[in-house]
Structure formats: C-alpha cells, structure tokens
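Dropping data_14.txt in here (compact mmCIF, N, CA and C atoms):
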```
# COMPACT_ATOMS: atom_id res chain seq x y z
N MET A 1437 4.81 -13.32 8.33
CA MET A 1437 4.28 -11.98 8.17
C MET A 1437 3.95 -11.74 6.70
N ALA A 1438 2.81 -11.12 6.46
CA ALA A 1438 2.40 -10.78 5.11
C ALA A 1438 2.87 -9.36 4.77
N TYR A 1439 2.96 -9.09 3.49
CA TYR A 1439 3.32 -7.76 3.00
C TYR A 1439 2.19 -7.26 2.11
N TRP A 1440 2.07 -5.94 2.01
CA TRP A 1440 0.96 -5.32 1.29
C TRP A 1440 1.43 -4.12 0.50
N LEU A 1441 0.55 -3.64 -0.38
CA LEU A 1441 0.76 -2.38 -1.08
C LEU A 1441 -0.57 -1.63 -1.04
N ALA A 1442 -0.51 -0.35 -0.71
CA ALA A 1442 -1.70 0.50 -0.70
C ALA A 1442 -1.42 1.71 -1.60
N LYS A 1443 -2.41 2.04 -2.41
CA LYS A 1443 -2.27 3.13 -3.37
C LYS A 1443 -3.01 4.36 -2.89
N SER A 1444 -2.44 5.51 -3.21
CA SER A 1444 -3.11 6.77 -2.97
C SER A 1444 -2.63 7.79 -4.00
N GLU A 1445 -3.56 8.57 -4.51
CA GLU A 1445 -3.18 9.65 -5.41
C GLU A 1445 -2.54 10.74 -4.55
N PRO A 1446 -1.34 11.17 -4.89
CA PRO A 1446 -0.63 12.12 -4.02
C PRO A 1446 -1.36 13.44 -3.81
N PHE A 1447 -2.19 13.85 -4.76
CA PHE A 1447 -2.94 15.10 -4.56
C PHE A 1447 -4.12 14.90 -3.61
N VAL A 1448 -4.49 13.64 -3.35
CA VAL A 1448 -5.54 13.33 -2.38
C VAL A 1448 -4.92 13.07 -1.01
N TYR A 1449 -3.95 12.16 -0.96
CA TYR A 1449 -3.25 11.84 0.29
C TYR A 1449 -1.89 11.28 -0.06
N SER A 1450 -0.85 12.01 0.27
CA SER A 1450 0.51 11.65 -0.13
C SER A 1450 1.30 11.04 1.03
N TRP A 1451 2.46 10.50 0.69
CA TRP A 1451 3.39 10.01 1.71
C TRP A 1451 3.71 11.12 2.69
N ASP A 1452 3.95 12.32 2.19
CA ASP A 1452 4.26 13.46 3.07
C ASP A 1452 3.12 13.76 4.03
N ASP A 1453 1.88 13.58 3.56
CA ASP A 1453 0.72 13.76 4.44
C ASP A 1453 0.76 12.74 5.58
N LEU A 1454 1.06 11.49 5.24
CA LEU A 1454 1.14 10.43 6.26
C LEU A 1454 2.23 10.75 7.28
N VAL A 1455 3.38 11.19 6.80
CA VAL A 1455 4.49 11.53 7.70
C VAL A 1455 4.08 12.69 8.61
N LYS A 1456 3.46 13.69 8.05
CA LYS A 1456 3.04 14.86 8.82
C LYS A 1456 2.02 14.49 9.90
N GLU A 1457 1.05 13.64 9.53
CA GLU A 1457 -0.01 13.24 10.47
C GLU A 1457 0.43 12.16 11.44
N LYS A 1458 1.49 11.44 11.12
CA LYS A 1458 2.06 10.36 11.94
C LYS A 1458 1.22 9.08 11.98
N GLN A 1459 -0.03 9.15 11.55
CA GLN A 1459 -0.91 7.97 11.50
C GLN A 1459 -2.17 8.36 10.76
N THR A 1460 -2.78 7.40 10.07
CA THR A 1460 -4.02 7.69 9.39
C THR A 1460 -4.92 6.46 9.35
N SER A 1461 -6.20 6.71 9.19
CA SER A 1461 -7.18 5.65 8.92
C SER A 1461 -7.25 5.48 7.41
N TRP A 1462 -7.03 4.27 6.93
CA TRP A 1462 -7.10 3.99 5.50
C TRP A 1462 -8.56 3.67 5.17
N THR A 1463 -9.31 4.71 4.84
CA THR A 1463 -10.75 4.61 4.66
C THR A 1463 -11.13 4.77 3.19
N GLY A 1464 -12.41 4.54 2.91
CA GLY A 1464 -12.95 4.82 1.60
C GLY A 1464 -12.75 3.75 0.56
N VAL A 1465 -12.22 2.61 0.94
CA VAL A 1465 -12.01 1.51 -0.01
C VAL A 1465 -13.36 0.85 -0.28
N ARG A 1466 -13.74 0.81 -1.56
CA ARG A 1466 -15.04 0.26 -1.93
C ARG A 1466 -14.91 -0.81 -3.03
N ASN A 1467 -13.88 -1.58 -2.95
CA ASN A 1467 -13.66 -2.69 -3.87
C ASN A 1467 -13.64 -3.97 -3.04
N TYR A 1468 -14.36 -4.99 -3.49
CA TYR A 1468 -14.51 -6.21 -2.69
C TYR A 1468 -13.18 -6.93 -2.47
N ALA A 1469 -12.34 -7.02 -3.50
CA ALA A 1469 -11.05 -7.69 -3.34
C ALA A 1469 -10.16 -6.90 -2.39
N ALA A 1470 -10.13 -5.58 -2.54
CA ALA A 1470 -9.33 -4.75 -1.65
C ALA A 1470 -9.82 -4.87 -0.22
N ARG A 1471 -11.13 -4.97 -0.05
CA ARG A 1471 -11.70 -5.13 1.30
C ARG A 1471 -11.18 -6.42 1.94
N LEU A 1472 -11.12 -7.49 1.18
CA LEU A 1472 -10.59 -8.75 1.72
C LEU A 1472 -9.15 -8.57 2.18
N HIS A 1473 -8.38 -7.82 1.43
CA HIS A 1473 -6.98 -7.58 1.81
C HIS A 1473 -6.90 -6.74 3.08
N LEU A 1474 -7.75 -5.72 3.19
CA LEU A 1474 -7.77 -4.91 4.42
C LEU A 1474 -8.09 -5.79 5.63
N ARG A 1475 -9.06 -6.67 5.46
CA ARG A 1475 -9.45 -7.56 6.57
C ARG A 1475 -8.34 -8.52 6.97
N ALA A 1476 -7.46 -8.84 6.02
CA ALA A 1476 -6.37 -9.79 6.28
C ALA A 1476 -5.15 -9.14 6.92
N MET A 1477 -5.07 -7.83 6.88
CA MET A 1477 -3.89 -7.13 7.41
C MET A 1477 -3.80 -7.30 8.93
N LYS A 1478 -2.60 -7.54 9.40
CA LYS A 1478 -2.36 -7.73 10.84
C LYS A 1478 -1.44 -6.63 11.36
N LYS A 1479 -1.63 -6.31 12.61
CA LYS A 1479 -0.82 -5.29 13.26
C LYS A 1479 0.66 -5.62 13.11
N GLY A 1480 1.45 -4.62 12.73
CA GLY A 1480 2.89 -4.79 12.57
C GLY A 1480 3.32 -5.13 11.16
N GLU A 1481 2.38 -5.54 10.29
CA GLU A 1481 2.75 -5.88 8.93
C GLU A 1481 3.10 -4.60 8.15
N GLU A 1482 3.98 -4.77 7.17
CA GLU A 1482 4.49 -3.64 6.41
C GLU A 1482 3.72 -3.48 5.10
N VAL A 1483 3.55 -2.21 4.71
CA VAL A 1483 2.73 -1.84 3.56
C VAL A 1483 3.54 -0.90 2.67
N LEU A 1484 3.72 -1.26 1.42
CA LEU A 1484 4.34 -0.35 0.47
C LEU A 1484 3.36 0.78 0.17
N PHE A 1485 3.81 2.02 0.27
CA PHE A 1485 2.97 3.18 0.01
C PHE A 1485 3.24 3.63 -1.42
N TYR A 1486 2.22 3.53 -2.27
CA TYR A 1486 2.37 3.77 -3.70
C TYR A 1486 1.60 5.02 -4.11
N HIS A 1487 2.28 5.94 -4.77
CA HIS A 1487 1.61 7.11 -5.35
C HIS A 1487 1.06 6.71 -6.71
N SER A 1488 -0.25 6.78 -6.88
CA SER A 1488 -0.87 6.40 -8.15
C SER A 1488 -1.24 7.63 -8.97
N ASN A 1489 -1.49 7.41 -10.22
CA ASN A 1489 -1.91 8.41 -11.21
C ASN A 1489 -0.86 9.46 -11.53
N GLU A 1490 -0.25 10.09 -10.55
CA GLU A 1490 0.87 11.00 -10.84
C GLU A 1490 2.03 10.59 -9.96
N GLY A 1491 3.17 10.49 -10.56
CA GLY A 1491 4.33 10.00 -9.80
C GLY A 1491 4.50 8.50 -9.93
N THR A 1492 3.43 7.76 -9.94
CA THR A 1492 3.39 6.30 -10.07
C THR A 1492 4.66 5.60 -9.59
N SER A 1493 4.89 5.73 -8.28
CA SER A 1493 6.07 5.11 -7.67
C SER A 1493 5.76 4.65 -6.24
N ILE A 1494 6.48 3.62 -5.83
CA ILE A 1494 6.47 3.24 -4.42
C ILE A 1494 7.41 4.20 -3.72
N ILE A 1495 6.89 4.90 -2.72
CA ILE A 1495 7.62 5.99 -2.06
C ILE A 1495 8.18 5.57 -0.70
N GLY A 1496 7.40 4.79 0.05
CA GLY A 1496 7.81 4.46 1.40
C GLY A 1496 7.15 3.21 1.91
N ILE A 1497 7.42 2.93 3.18
CA ILE A 1497 6.86 1.77 3.87
C ILE A 1497 6.07 2.27 5.08
N ALA A 1498 4.84 1.81 5.17
CA ALA A 1498 4.01 2.10 6.34
C ALA A 1498 3.83 0.80 7.11
N LYS A 1499 3.35 0.92 8.34
CA LYS A 1499 3.03 -0.27 9.14
C LYS A 1499 1.57 -0.21 9.57
N VAL A 1500 0.98 -1.39 9.65
CA VAL A 1500 -0.39 -1.51 10.17
C VAL A 1500 -0.32 -1.35 11.68
N VAL A 1501 -1.08 -0.39 12.21
CA VAL A 1501 -1.09 -0.18 13.66
C VAL A 1501 -2.44 -0.53 14.28
N LYS A 1502 -3.47 -0.66 13.44
CA LYS A 1502 -4.78 -1.10 13.92
C LYS A 1502 -5.41 -1.93 12.83
N GLU A 1503 -5.85 -3.14 13.20
CA GLU A 1503 -6.44 -4.05 12.24
C GLU A 1503 -7.86 -3.61 11.87
N ALA A 1504 -8.43 -4.29 10.89
CA ALA A 1504 -9.71 -3.91 10.28
C ALA A 1504 -10.80 -3.60 11.31
N TYR A 1505 -11.48 -2.49 11.04
CA TYR A 1505 -12.65 -2.06 11.84
C TYR A 1505 -13.62 -1.36 10.90
N GLN A 1506 -14.83 -1.13 11.37
CA GLN A 1506 -15.87 -0.48 10.57
C GLN A 1506 -15.34 0.84 10.00
N ASP A 1507 -15.44 1.00 8.69
CA ASP A 1507 -15.01 2.24 8.03
C ASP A 1507 -15.92 3.38 8.48
N PRO A 1508 -15.36 4.40 9.14
CA PRO A 1508 -16.18 5.49 9.66
C PRO A 1508 -16.74 6.41 8.58
N THR A 1509 -16.35 6.21 7.31
CA THR A 1509 -16.87 7.07 6.25
C THR A 1509 -18.16 6.54 5.64
N THR A 1510 -18.68 5.44 6.17
CA THR A 1510 -19.93 4.88 5.67
C THR A 1510 -20.70 4.20 6.80
N ASP A 1511 -22.01 4.15 6.65
CA ASP A 1511 -22.85 3.41 7.61
C ASP A 1511 -22.97 1.94 7.23
N ASP A 1512 -22.50 1.59 6.05
CA ASP A 1512 -22.56 0.22 5.56
C ASP A 1512 -21.48 -0.60 6.27
N ASP A 1513 -21.90 -1.53 7.12
CA ASP A 1513 -20.94 -2.27 7.95
C ASP A 1513 -20.12 -3.31 7.18
N ARG A 1514 -20.33 -3.42 5.88
CA ARG A 1514 -19.53 -4.35 5.09
C ARG A 1514 -18.13 -3.80 4.80
N TRP A 1515 -17.96 -2.48 4.92
CA TRP A 1515 -16.70 -1.85 4.54
C TRP A 1515 -15.84 -1.59 5.76
N VAL A 1516 -14.54 -1.82 5.60
CA VAL A 1516 -13.61 -1.70 6.72
C VAL A 1516 -12.47 -0.74 6.41
N ALA A 1517 -11.77 -0.36 7.45
CA ALA A 1517 -10.57 0.47 7.35
C ALA A 1517 -9.50 -0.15 8.25
N VAL A 1518 -8.27 0.25 8.04
CA VAL A 1518 -7.16 -0.08 8.93
C VAL A 1518 -6.43 1.22 9.23
N ASP A 1519 -5.63 1.22 10.27
CA ASP A 1519 -4.80 2.40 10.57
C ASP A 1519 -3.36 2.08 10.19
N LEU A 1520 -2.74 3.06 9.54
CA LEU A 1520 -1.35 2.94 9.12
C LEU A 1520 -0.53 4.08 9.69
N LYS A 1521 0.75 3.79 9.93
CA LYS A 1521 1.68 4.86 10.32
C LYS A 1521 2.91 4.74 9.43
N PRO A 1522 3.58 5.86 9.19
CA PRO A 1522 4.79 5.79 8.36
C PRO A 1522 5.89 5.04 9.10
N PHE A 1523 6.63 4.26 8.38
CA PHE A 1523 7.76 3.54 8.96
C PHE A 1523 9.07 4.05 8.39
N LYS A 1524 9.13 4.15 7.05
CA LYS A 1524 10.40 4.52 6.44
C LYS A 1524 10.17 5.00 5.00
N LYS A 1525 10.80 6.10 4.66
CA LYS A 1525 10.80 6.55 3.27
C LYS A 1525 11.90 5.76 2.55
N LEU A 1526 11.61 5.30 1.35
CA LEU A 1526 12.60 4.55 0.60
C LEU A 1526 13.76 5.46 0.17
N LYS A 1527 14.96 4.90 0.14
CA LYS A 1527 16.13 5.67 -0.29
C LYS A 1527 15.92 6.18 -1.71
N GLN A 1528 15.27 5.34 -2.51
CA GLN A 1528 15.03 5.68 -3.91
C GLN A 1528 13.63 5.18 -4.27
N PRO A 1529 12.73 6.07 -4.73
CA PRO A 1529 11.41 5.60 -5.15
C PRO A 1529 11.53 4.55 -6.25
N VAL A 1530 10.59 3.63 -6.28
CA VAL A 1530 10.59 2.59 -7.31
C VAL A 1530 9.39 2.84 -8.22
N SER A 1531 9.68 3.23 -9.45
CA SER A 1531 8.62 3.61 -10.39
C SER A 1531 7.89 2.40 -10.95
N LEU A 1532 6.68 2.64 -11.39
CA LEU A 1532 5.90 1.59 -12.04
C LEU A 1532 6.63 1.10 -13.29
N ASP A 1533 7.25 1.99 -14.01
CA ASP A 1533 8.00 1.62 -15.21
C ASP A 1533 9.13 0.64 -14.86
N THR A 1534 9.85 0.93 -13.78
CA THR A 1534 10.93 0.05 -13.32
C THR A 1534 10.37 -1.32 -12.94
N ILE A 1535 9.24 -1.32 -12.24
CA ILE A 1535 8.61 -2.58 -11.81
C ILE A 1535 8.19 -3.40 -13.03
N LYS A 1536 7.58 -2.75 -14.00
CA LYS A 1536 7.11 -3.46 -15.20
C LYS A 1536 8.27 -4.03 -16.02
N LYS A 1537 9.43 -3.39 -15.98
CA LYS A 1537 10.59 -3.85 -16.75
C LYS A 1537 11.35 -4.98 -16.07
N ASP A 1538 11.12 -5.19 -14.77
CA ASP A 1538 11.84 -6.22 -14.03
C ASP A 1538 11.12 -7.56 -14.17
N LYS A 1539 11.75 -8.50 -14.83
CA LYS A 1539 11.12 -9.80 -15.09
C LYS A 1539 10.73 -10.54 -13.80
N ARG A 1540 11.39 -10.23 -12.71
CA ARG A 1540 11.06 -10.89 -11.43
C ARG A 1540 9.73 -10.43 -10.87
N LEU A 1541 9.18 -9.34 -11.41
CA LEU A 1541 7.94 -8.76 -10.87
C LEU A 1541 6.75 -8.87 -11.82
N THR A 1542 6.85 -9.73 -12.83
CA THR A 1542 5.77 -9.83 -13.81
C THR A 1542 4.45 -10.33 -13.21
N GLU A 1543 4.51 -11.07 -12.12
CA GLU A 1543 3.29 -11.59 -11.49
C GLU A 1543 2.79 -10.70 -10.34
N MET A 1544 3.49 -9.61 -10.07
CA MET A 1544 3.08 -8.70 -8.98
C MET A 1544 1.69 -8.14 -9.28
N ALA A 1545 0.84 -8.08 -8.27
CA ALA A 1545 -0.52 -7.57 -8.45
C ALA A 1545 -0.52 -6.17 -9.04
N LEU A 1546 0.46 -5.36 -8.69
CA LEU A 1546 0.55 -4.00 -9.22
C LEU A 1546 0.64 -4.00 -10.74
N VAL A 1547 1.23 -5.03 -11.31
CA VAL A 1547 1.36 -5.17 -12.76
C VAL A 1547 0.12 -5.85 -13.35
N ARG A 1548 -0.33 -6.91 -12.70
CA ARG A 1548 -1.44 -7.72 -13.24
C ARG A 1548 -2.82 -7.12 -12.99
N ILE A 1549 -3.03 -6.54 -11.82
CA ILE A 1549 -4.35 -6.02 -11.43
C ILE A 1549 -4.16 -4.56 -11.04
N SER A 1550 -3.80 -3.76 -12.00
CA SER A 1550 -3.30 -2.42 -11.73
C SER A 1550 -4.29 -1.49 -11.02
N ARG A 1551 -5.58 -1.74 -11.12
CA ARG A 1551 -6.55 -0.83 -10.51
C ARG A 1551 -6.85 -1.16 -9.04
N LEU A 1552 -6.39 -2.28 -8.55
CA LEU A 1552 -6.67 -2.69 -7.18
C LEU A 1552 -5.92 -1.81 -6.19
N SER A 1553 -6.64 -1.16 -5.29
CA SER A 1553 -6.05 -0.14 -4.42
C SER A 1553 -5.31 -0.68 -3.20
N VAL A 1554 -5.65 -1.88 -2.78
CA VAL A 1554 -4.95 -2.55 -1.67
C VAL A 1554 -4.69 -3.97 -2.13
N GLN A 1555 -3.43 -4.38 -2.07
CA GLN A 1555 -3.08 -5.68 -2.65
C GLN A 1555 -1.95 -6.36 -1.89
N PRO A 1556 -1.91 -7.67 -1.96
CA PRO A 1556 -0.82 -8.40 -1.31
C PRO A 1556 0.46 -8.29 -2.13
N VAL A 1557 1.58 -8.42 -1.44
CA VAL A 1557 2.90 -8.44 -2.06
C VAL A 1557 3.61 -9.68 -1.50
N SER A 1558 4.12 -10.53 -2.38
CA SER A 1558 4.81 -11.73 -1.90
C SER A 1558 6.15 -11.35 -1.27
N GLU A 1559 6.68 -12.26 -0.49
CA GLU A 1559 7.97 -12.01 0.15
C GLU A 1559 9.07 -11.78 -0.90
N GLU A 1560 9.04 -12.57 -1.97
CA GLU A 1560 10.03 -12.42 -3.04
C GLU A 1560 9.87 -11.06 -3.73
N GLU A 1561 8.64 -10.66 -4.01
CA GLU A 1561 8.40 -9.34 -4.64
C GLU A 1561 8.89 -8.23 -3.71
N TRP A 1562 8.63 -8.38 -2.41
CA TRP A 1562 9.09 -7.39 -1.43
C TRP A 1562 10.61 -7.23 -1.50
N LYS A 1563 11.31 -8.35 -1.52
CA LYS A 1563 12.77 -8.32 -1.57
C LYS A 1563 13.27 -7.62 -2.84
N VAL A 1564 12.64 -7.88 -3.97
CA VAL A 1564 13.04 -7.25 -5.23
C VAL A 1564 12.80 -5.74 -5.16
N VAL A 1565 11.64 -5.33 -4.65
CA VAL A 1565 11.35 -3.91 -4.52
C VAL A 1565 12.37 -3.24 -3.60
N MET A 1566 12.70 -3.89 -2.50
CA MET A 1566 13.70 -3.31 -1.58
C MET A 1566 15.06 -3.17 -2.27
N GLU A 1567 15.41 -4.18 -3.07
CA GLU A 1567 16.67 -4.11 -3.82
C GLU A 1567 16.64 -2.92 -4.79
N LEU A 1568 15.54 -2.77 -5.52
CA LEU A 1568 15.41 -1.67 -6.49
C LEU A 1568 15.42 -0.30 -5.81
N ALA A 1569 14.97 -0.27 -4.56
CA ALA A 1569 14.94 0.98 -3.79
C ALA A 1569 16.27 1.29 -3.12
N GLY A 1570 17.22 0.37 -3.22
CA GLY A 1570 18.52 0.57 -2.58
C GLY A 1570 18.49 0.30 -1.10
N GLU A 1571 17.54 -0.48 -0.66
CA GLU A 1571 17.39 -0.79 0.78
C GLU A 1571 18.10 -2.10 1.12
```
Mind converting the file's structure to structure tokens?
Amino acid sequence: MAYWLAKSEPFVYSWDDLVKEKQTSWTGVRNYAARLHLRAMKKGEEVLFYHSNEGTSIIGIAKVVKEAYQDPTTDDDRWVAVDLKPFKKLKQPVSLDTIKKDKRLTEMALVRISRLSVQPVSEEEWKVVMELAGE
C-alpha cells in the first residue's frame, strides 16, 4: 500500500470541512507531478491531510474512496481528481517546523518539494509522522 500527502489551505478547504462533508472530490490540481500522484492513488490508501500556508501542519488522515477520474472542474481531460473521506484526526498535529527539524524526514517531499500539492510519502516517513503525532 502506498501513502500520500495532500495539501489544502484551511481557509479554502480545511480538515473540519472534510469531516463535515464526510467525503470530497479532490479537484483543481493543475501540476503535472501532482497529477501523476493522483493517478497512482488506489482505493483504501491513506493520505496525510496537510494545512498549508496557515497552520502548516499535518492534521489528519483521509482515505482514497474513488480512484482517478476526469476532474469535473475542467473540460481538459488531462486533469484528474480522486475522492477522499476523513479517516482519523491526529492526536497531535505535526507542524512543518517539527518535520523540518527531524533528521529522519530530510528527504520527505514536503521538505524537498514544498510547493507540490499532492505527493508520495514513504512507509518510513509515514511511521515517523505517526510517532510525532502520538499515534
């Protein structure tokens, strides 16, 4: 099973919004690398939900409930979306500052390719994040 991280600005779409709605279409991604990651996501895989720009923390875990399909926010068939549902709020948010200070996470895409909105997370990185979250 692969692991992922998806970013959202909390004033645009927050973890609380996802919990309230119970499921969402992850649309509007217009980056080629992020698109490849969306296409690779499989049903049941877990996704770290990251608040970007304000808060800058991993807040919770979502699950992929529908694999890549045509993004309904564009007529351009090159762009895809996936559906996510909330799985679990982390006991303790994991801040970007904490991630950057942990030597075990220096190669994490969140640190190396900070602007990428959808990114893979290795199994080892996942375990470290869960440890930092008290999970």
Give one line per residue of stretch 1465-1518 of chain A that approaches stretch 1440-1448 of chain A to at most 7 Å, naming the two atoms of the closest pair and their distance in Å to one decimal, counting all atoms listed in the file; sort by chain then ascending residue number and deliver it as CSV.
```
residue,atom,partner,partner_atom,distance
A:Glu1481,C,A:Trp1440,N,6.4
A:Glu1482,C,A:Trp1440,N,4.3
A:Val1483,CA,A:Trp1440,C,4.0
A:Leu1484,N,A:Trp1440,C,3.8
A:Phe1485,CA,A:Ala1442,C,4.9
A:Tyr1486,N,A:Ala1442,C,4.1
A:His1487,CA,A:Ser1444,C,4.5
A:Ser1488,N,A:Ser1444,C,3.9
A:Asn1489,N,A:Glu1445,CA,5.6
A:Glu1490,N,A:Pro1446,N,5.9
```
Could you give me, as CSV, every stretch 1494-1556 of chain A residue with an atom at most 8 Å from stretch 1566-1569 of chain A, plus its closest atom pair and distance in Å to one decimal, counting only C-alpha atoms, rows ordered by chain then number?
```
residue,atom,partner,partner_atom,distance
A:Leu1526,CA,A:Ala1569,CA,6.1
A:Lys1527,CA,A:Ala1569,CA,6.0
A:Gln1528,CA,A:Ala1569,CA,4.7
A:Pro1529,CA,A:Ala1569,CA,6.0
A:Val1530,CA,A:Ala1569,CA,5.8
```
Can those selected residues be exported to a file as a PDB file, in the coordinates of the input so that it contains N, CA and C atoms?
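Below is the file selection-v7.pdb, written as the result:
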```
ATOM      1  N   LEU A1526      11.610   5.300   1.350  1.00  0.00           N
ATOM      2  CA  LEU A1526      12.600   4.550   0.600  1.00  0.00           C
ATOM      3  C   LEU A1526      13.760   5.460   0.170  1.00  0.00           C
ATOM      4  N   LYS A1527      14.960   4.900   0.140  1.00  0.00           N
ATOM      5  CA  LYS A1527      16.130   5.670  -0.290  1.00  0.00           C
ATOM      6  C   LYS A1527      15.920   6.180  -1.710  1.00  0.00           C
ATOM      7  N   GLN A1528      15.270   5.340  -2.510  1.00  0.00           N
ATOM      8  CA  GLN A1528      15.030   5.680  -3.910  1.00  0.00           C
ATOM      9  C   GLN A1528      13.630   5.180  -4.270  1.00  0.00           C
ATOM     10  N   PRO A1529      12.730   6.070  -4.730  1.00  0.00           N
ATOM     11  CA  PRO A1529      11.410   5.600  -5.150  1.00  0.00           C
ATOM     12  C   PRO A1529      11.530   4.550  -6.250  1.00  0.00           C
ATOM     13  N   VAL A1530      10.590   3.630  -6.280  1.00  0.00           N
ATOM     14  CA  VAL A1530      10.590   2.590  -7.310  1.00  0.00           C
ATOM     15  C   VAL A1530       9.390   2.840  -8.220  1.00  0.00           C
TER      16      VAL A1530
END
```
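You can rank A:Glu1560, A:Ser1550, A:Trp1462, A:Ala1476 by their closest distance to A:Pro1508 using all atoms listed in the file, and at the top of that list sits A:Trp1462.
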Problem - Residue among A:Thr1492, A:Arg1551, A:Glu1559, A:Trp1515 lying closest to A:Asp1533, counting only C-alpha atoms - result: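 Result for the nearest residue to A:Asp1533: A:Thr1492.
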Completion exercise
Using only C-alpha atoms, the shortest atom-to-atom distance to A:Ser1450 among A:Ile1494, A:Val1465, A:Met1437, A:Val1501 belongs to A:Ile1494
Practice task
Go through A:Thr1534, A:Glu1571, A:Val1500, A:Asp1452 one by one, measure the shortest atom-to-atom distance of each to A:Leu1520 using only N, CA and C atoms, and give the residue with the smallest value.
Solution key: A:Val1500
Handout entry: Atom pair atom CA of A:Gly1491 / atom C of A:Leu1472: separation (Å)
Key =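 One can read the atom CA of A:Gly1491 to atom C of A:Leu1472 distance as 25.9 Å.
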Practice task
Find the residue from A:Leu1541, A:Arg1475, A:Asp1513, A:Ala1438 that sits nearest to A:Pro1556; use only C-alpha atoms when measuring.
Solution key: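 The answer is A:Ala1438, which sits nearest to A:Pro1556.
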Practice task
List every residue of stretch 1459-1559 of chain A that DSSP, applied to the backbone, labels as alpha helix (DSSP H), and write the result as a count of residues only.
Solution key: 20
Problem - All strand (DSSP E) residues (DSSP, backbone) inside stretch 1459-1554 of chain A, as a VMD selection string - result: chain A and resid 1460 to 1462 1482 to 1487 1493 to 1506 1516 to 1531 1554
Handout entry: Who sits within 8 Å of stretch 1544-1547 of chain A, all atoms listed in the file, same chain under 6 positions skipped, as a list of chain:residue names
Key =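 Here the qualifying residues turn out to be A:Leu1532, A:Ile1535, A:Lys1536, A:Gln1555, A:Pro1556, A:Val1557, A:Ser1558, A:Glu1561.
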Practice task
Pick out the closest residue to A:Thr1542 from this set: A:Arg1471, A:Val1564, A:Arg1466, A:Gly1570. Count only C-alpha atoms.
Solution key: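 Smallest separation from A:Thr1542 among the options: A:Val1564.
The coordinates place atom CA of A:Ser1493 at 26.4 Å from atom CA of A:Asp1507.
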Could you work out an axis-aligned box for stretch 1484-1502 of chain A, taking every atom the file lists and adding 3 Å on each side, and report centre and edge lengths in Å to one decimal, as lines of an AutoDock Vina configuration file?
```
center_x = 1.4
center_y = 4.5
center_z = 1.4
size_x = 19.6
size_y = 18.9
size_z = 31.8
```
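Distance-wise, atom C of A:Ala1504 and atom C of A:Ala1517 end up 4.8 Å apart.
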Problem - Non-local contacts of A:Leu1474 (7 Å; only N, CA and C atoms; under 4 positions in same chain excluded) as number ranges by chain - result: A: 1469-1470, 1478, 1503-1504, 1516-1518, 1554-1555
Same residues, N, CA and C atoms, output as a PDB file, keeping the file's coordinate frame:
```pdb
ATOM      1  N   ALA A1469     -12.340  -7.020  -3.500  1.00  0.00           N
ATOM      2  CA  ALA A1469     -11.050  -7.690  -3.340  1.00  0.00           C
ATOM      3  C   ALA A1469     -10.160  -6.900  -2.390  1.00  0.00           C
ATOM      4  N   ALA A1470     -10.130  -5.580  -2.540  1.00  0.00           N
ATOM      5  CA  ALA A1470      -9.330  -4.750  -1.650  1.00  0.00           C
ATOM      6  C   ALA A1470      -9.820  -4.870  -0.220  1.00  0.00           C
ATOM      7  N   LYS A1478      -2.600  -7.540   9.400  1.00  0.00           N
ATOM      8  CA  LYS A1478      -2.360  -7.730  10.840  1.00  0.00           C
ATOM      9  C   LYS A1478      -1.440  -6.630  11.360  1.00  0.00           C
ATOM     10  N   GLU A1503      -5.850  -3.140  13.200  1.00  0.00           N
ATOM     11  CA  GLU A1503      -6.440  -4.050  12.240  1.00  0.00           C
ATOM     12  C   GLU A1503      -7.860  -3.610  11.870  1.00  0.00           C
ATOM     13  N   ALA A1504      -8.430  -4.290  10.890  1.00  0.00           N
ATOM     14  CA  ALA A1504      -9.710  -3.910  10.280  1.00  0.00           C
ATOM     15  C   ALA A1504     -10.800  -3.600  11.310  1.00  0.00           C
ATOM     16  N   VAL A1516     -14.540  -1.820   5.600  1.00  0.00           N
ATOM     17  CA  VAL A1516     -13.610  -1.700   6.720  1.00  0.00           C
ATOM     18  C   VAL A1516     -12.470  -0.740   6.410  1.00  0.00           C
ATOM     19  N   ALA A1517     -11.770  -0.360   7.450  1.00  0.00           N
ATOM     20  CA  ALA A1517     -10.570   0.470   7.350  1.00  0.00           C
ATOM     21  C   ALA A1517      -9.500  -0.150   8.250  1.00  0.00           C
ATOM     22  N   VAL A1518      -8.270   0.250   8.040  1.00  0.00           N
ATOM     23  CA  VAL A1518      -7.160  -0.080   8.930  1.00  0.00           C
ATOM     24  C   VAL A1518      -6.430   1.220   9.230  1.00  0.00           C
ATOM     25  N   VAL A1554      -5.650  -1.880  -2.780  1.00  0.00           N
ATOM     26  CA  VAL A1554      -4.950  -2.550  -1.670  1.00  0.00           C
ATOM     27  C   VAL A1554      -4.690  -3.970  -2.130  1.00  0.00           C
ATOM     28  N   GLN A1555      -3.430  -4.380  -2.070  1.00  0.00           N
ATOM     29  CA  GLN A1555      -3.080  -5.680  -2.650  1.00  0.00           C
ATOM     30  C   GLN A1555      -1.950  -6.360  -1.890  1.00  0.00           C
TER      31      GLN A1555
END
```
